[in-house]
Amino acid sequence: MIKQRQNAGACCAPPPGGPPAQQTFPSSDETPGKVRRYVREILAHDDQPLGDAKLDALLLMVSELTTNAYRYGTEPGDSMLVKVLPLLTVVRVEVHDTRRKRPQIRDESGERARGRGLHIVEALASRWGVDDRPFGKAVWVELER
């Protein structure tokens, strides 16, 4: 897991008329689908579109991060913040939740129905990590263009 934060300030502004580059979502089991649609919409306005395979990989990782935030990073009534940062060489997505507990990759098991999400993120992301926040954390992924 990588904890470095480089080029975080080099974000491109969303084009005029495009959606804002960050949005708050209520924490619920419907949130991963809403966040996938939001990220897809943001990237549809990007000057450097991702190919279909890269977009699918990014949306899968986003789904895993938002599912983890919903299940383990929030309480009922909480919300999560999602930031989409289309940088020059990567697309970065951050999912902010209200708990400080860091996610951990579990040992693989064929007996559990859960616990594979971070393995997927680890396999697909160019980089990923966790940043502590005053009232929680941000789990982020980057995918090279």
# chains A, B, ... in the order shown; residues from 1 in each chain; ligands from 1
call {"tool": "select_by_dssp", "arguments": {"residues": "chain A", "states": "strand (DSSP E or B)", "output": "VMD selection string"}}
result
chain A and resid 22 to 26 79 to 86 90 to 97 127 to 133 136 to 144
call {"tool": "write_last_selection", "arguments": {"atoms": "N, CA and C atoms", "output": "CSV table (one decimal), in the first residue's frame"}}
result
chain,number,residue,atom,x,y,z
A,22,GLN,N,-16.3,16.9,-7.0
A,22,GLN,CA,-16.6,16.2,-5.7
A,22,GLN,C,-18.0,16.2,-5.4
A,23,GLN,N,-18.5,15.2,-4.7
A,23,GLN,CA,-19.9,15.1,-4.3
A,23,GLN,C,-20.0,14.3,-3.1
A,24,THR,N,-21.0,14.6,-2.2
A,24,THR,CA,-21.3,13.9,-1.0
A,24,THR,C,-22.5,12.9,-1.3
A,25,PHE,N,-22.4,11.7,-0.8
A,25,PHE,CA,-23.4,10.7,-1.0
A,25,PHE,C,-23.8,10.2,0.3
A,26,PRO,N,-25.1,9.9,0.5
A,26,PRO,CA,-25.5,9.3,1.8
A,26,PRO,C,-25.0,7.8,1.8
A,79,SER,N,-22.5,10.2,5.8
A,79,SER,CA,-22.3,10.4,4.3
A,79,SER,C,-20.9,10.2,4.0
A,80,MET,N,-20.6,10.0,2.7
A,80,MET,CA,-19.2,9.9,2.3
A,80,MET,C,-19.0,10.9,1.2
A,81,LEU,N,-17.8,11.4,1.1
A,81,LEU,CA,-17.4,12.4,0.0
A,81,LEU,C,-16.6,11.6,-1.0
A,82,VAL,N,-16.9,11.8,-2.3
A,82,VAL,CA,-16.2,11.2,-3.4
A,82,VAL,C,-15.6,12.4,-4.2
A,83,LYS,N,-14.3,12.3,-4.5
A,83,LYS,CA,-13.6,13.2,-5.3
A,83,LYS,C,-13.0,12.5,-6.5
A,84,VAL,N,-13.2,13.1,-7.7
A,84,VAL,CA,-12.7,12.6,-8.9
A,84,VAL,C,-11.7,13.6,-9.5
A,85,LEU,N,-10.4,13.1,-9.6
A,85,LEU,CA,-9.3,14.0,-10.0
A,85,LEU,C,-8.7,13.5,-11.3
A,86,PRO,N,-9.2,14.0,-12.5
A,86,PRO,CA,-8.5,13.6,-13.7
A,86,PRO,C,-7.2,14.4,-13.9
A,90,VAL,N,-2.8,10.3,-14.7
A,90,VAL,CA,-3.6,9.3,-14.0
A,90,VAL,C,-5.0,9.9,-13.7
A,91,VAL,N,-5.9,9.0,-13.4
A,91,VAL,CA,-7.2,9.4,-12.9
A,91,VAL,C,-7.2,9.0,-11.4
A,92,ARG,N,-7.5,9.9,-10.5
A,92,ARG,CA,-7.4,9.6,-9.1
A,92,ARG,C,-8.9,9.7,-8.6
A,93,VAL,N,-9.3,8.8,-7.8
A,93,VAL,CA,-10.6,8.8,-7.1
A,93,VAL,C,-10.4,8.6,-5.6
A,94,GLU,N,-10.9,9.5,-4.8
A,94,GLU,CA,-10.8,9.4,-3.4
A,94,GLU,C,-12.2,9.2,-2.8
A,95,VAL,N,-12.3,8.3,-1.8
A,95,VAL,CA,-13.6,8.1,-1.1
A,95,VAL,C,-13.3,8.4,0.4
A,96,HIS,N,-13.9,9.5,0.9
A,96,HIS,CA,-13.7,9.9,2.3
A,96,HIS,C,-14.9,9.4,3.1
A,97,ASP,N,-14.5,8.8,4.3
A,97,ASP,CA,-15.5,8.3,5.2
A,97,ASP,C,-15.2,8.9,6.6
A,127,ARG,N,-1.7,2.8,-8.3
A,127,ARG,CA,-1.3,3.1,-6.9
A,127,ARG,C,-2.6,3.2,-6.1
A,128,TRP,N,-2.5,3.0,-4.8
A,128,TRP,CA,-3.6,3.2,-3.9
A,128,TRP,C,-3.1,3.4,-2.5
A,129,GLY,N,-3.9,4.1,-1.7
A,129,GLY,CA,-3.4,4.3,-0.3
A,129,GLY,C,-4.5,4.9,0.5
A,130,VAL,N,-4.1,5.3,1.7
A,130,VAL,CA,-5.1,5.9,2.7
A,130,VAL,C,-4.4,7.1,3.3
A,131,ASP,N,-5.2,8.2,3.3
A,131,ASP,CA,-4.8,9.5,4.0
A,131,ASP,C,-5.7,9.7,5.2
A,132,ASP,N,-5.1,10.0,6.3
A,132,ASP,CA,-5.9,10.3,7.5
A,132,ASP,C,-6.4,11.7,7.3
A,133,ARG,N,-7.6,11.9,7.9
A,133,ARG,CA,-8.3,13.2,7.9
A,133,ARG,C,-8.7,13.5,9.3
A,136,GLY,N,-11.8,11.3,10.0
A,136,GLY,CA,-12.0,10.1,9.2
A,136,GLY,C,-10.7,9.8,8.4
A,137,LYS,N,-11.0,9.3,7.2
A,137,LYS,CA,-9.9,9.0,6.3
A,137,LYS,C,-10.4,9.1,4.9
A,138,ALA,N,-9.4,9.1,4.0
A,138,ALA,CA,-9.7,9.1,2.5
A,138,ALA,C,-8.9,7.9,2.0
A,139,VAL,N,-9.6,7.0,1.3
A,139,VAL,CA,-9.0,5.9,0.6
A,139,VAL,C,-9.0,6.2,-0.9
A,140,TRP,N,-7.9,6.1,-1.5
A,140,TRP,CA,-7.8,6.6,-2.9
A,140,TRP,C,-7.2,5.6,-3.8
A,141,VAL,N,-7.5,5.7,-5.1
A,141,VAL,CA,-6.9,4.8,-6.1
A,141,VAL,C,-6.5,5.8,-7.2
A,142,GLU,N,-5.4,5.4,-7.9
A,142,GLU,CA,-5.0,6.0,-9.1
A,142,GLU,C,-4.8,5.0,-10.2
A,143,LEU,N,-5.3,5.3,-11.4
A,143,LEU,CA,-5.1,4.5,-12.6
A,143,LEU,C,-4.5,5.3,-13.7
A,144,GLU,N,-3.3,4.7,-14.2
A,144,GLU,CA,-2.7,5.4,-15.3
A,144,GLU,C,-3.6,5.5,-16.5
call {"tool": "closest_residue", "arguments": {"among": "A:Asp52, A:Arg40, A:Gln104, A:Val62", "to": "A:Leu124", "atoms": "only C-alpha atoms"}}
result
A:Val62
call {"tool": "residues_around", "arguments": {"residues": "A:Gly117", "least_positions_apart": "3", "cutoff": "9 Å", "atoms": "only C-alpha atoms", "output": "PyMOL selection string"}}
result
chain A and resi 61+63-65+67-68+105+114+120-122
call {"tool": "residues_around", "arguments": {"residues": "A:Gln48", "least_positions_apart": "2", "cutoff": "9 Å", "atoms": "only C-alpha atoms", "output": "PDB file with C-alpha atoms, in the first residue's frame"}}
result
ATOM      1  CA  LEU A  43     -14.980  11.262 -16.900  1.00  0.00           C
ATOM      2  CA  HIS A  45     -16.469  15.405 -19.696  1.00  0.00           C
ATOM      3  CA  ASP A  46     -12.718  14.789 -19.482  1.00  0.00           C
ATOM      4  CA  LEU A  50     -10.155   6.544 -20.701  1.00  0.00           C
ATOM      5  CA  PRO A  86      -8.524  13.606 -13.714  1.00  0.00           C
ATOM      6  CA  LEU A  88      -2.473  14.580 -16.605  1.00  0.00           C
ATOM      7  CA  ARG A 145      -4.230   6.708 -18.448  1.00  0.00           C
TER       8      ARG A 145
END
call {"tool": "atom_distance", "arguments": {"atom1": "atom CA of A:Ser126", "atom2": "atom CA of A:Pro103"}}
result
17.8 Å
call {"tool": "select_by_dssp", "arguments": {"residues": "stretch 89-145 of chain A", "states": "alpha helix (DSSP H)", "output": "PyMOL selection string"}}
result
chain A and resi 117-124
call {"tool": "residues_around", "arguments": {"residues": "A:Arg37", "least_positions_apart": "5", "cutoff": "9 Å", "atoms": "only C-alpha atoms", "output": "list in words"}}
result
Pro32, Ile42 and Leu59 of chain A
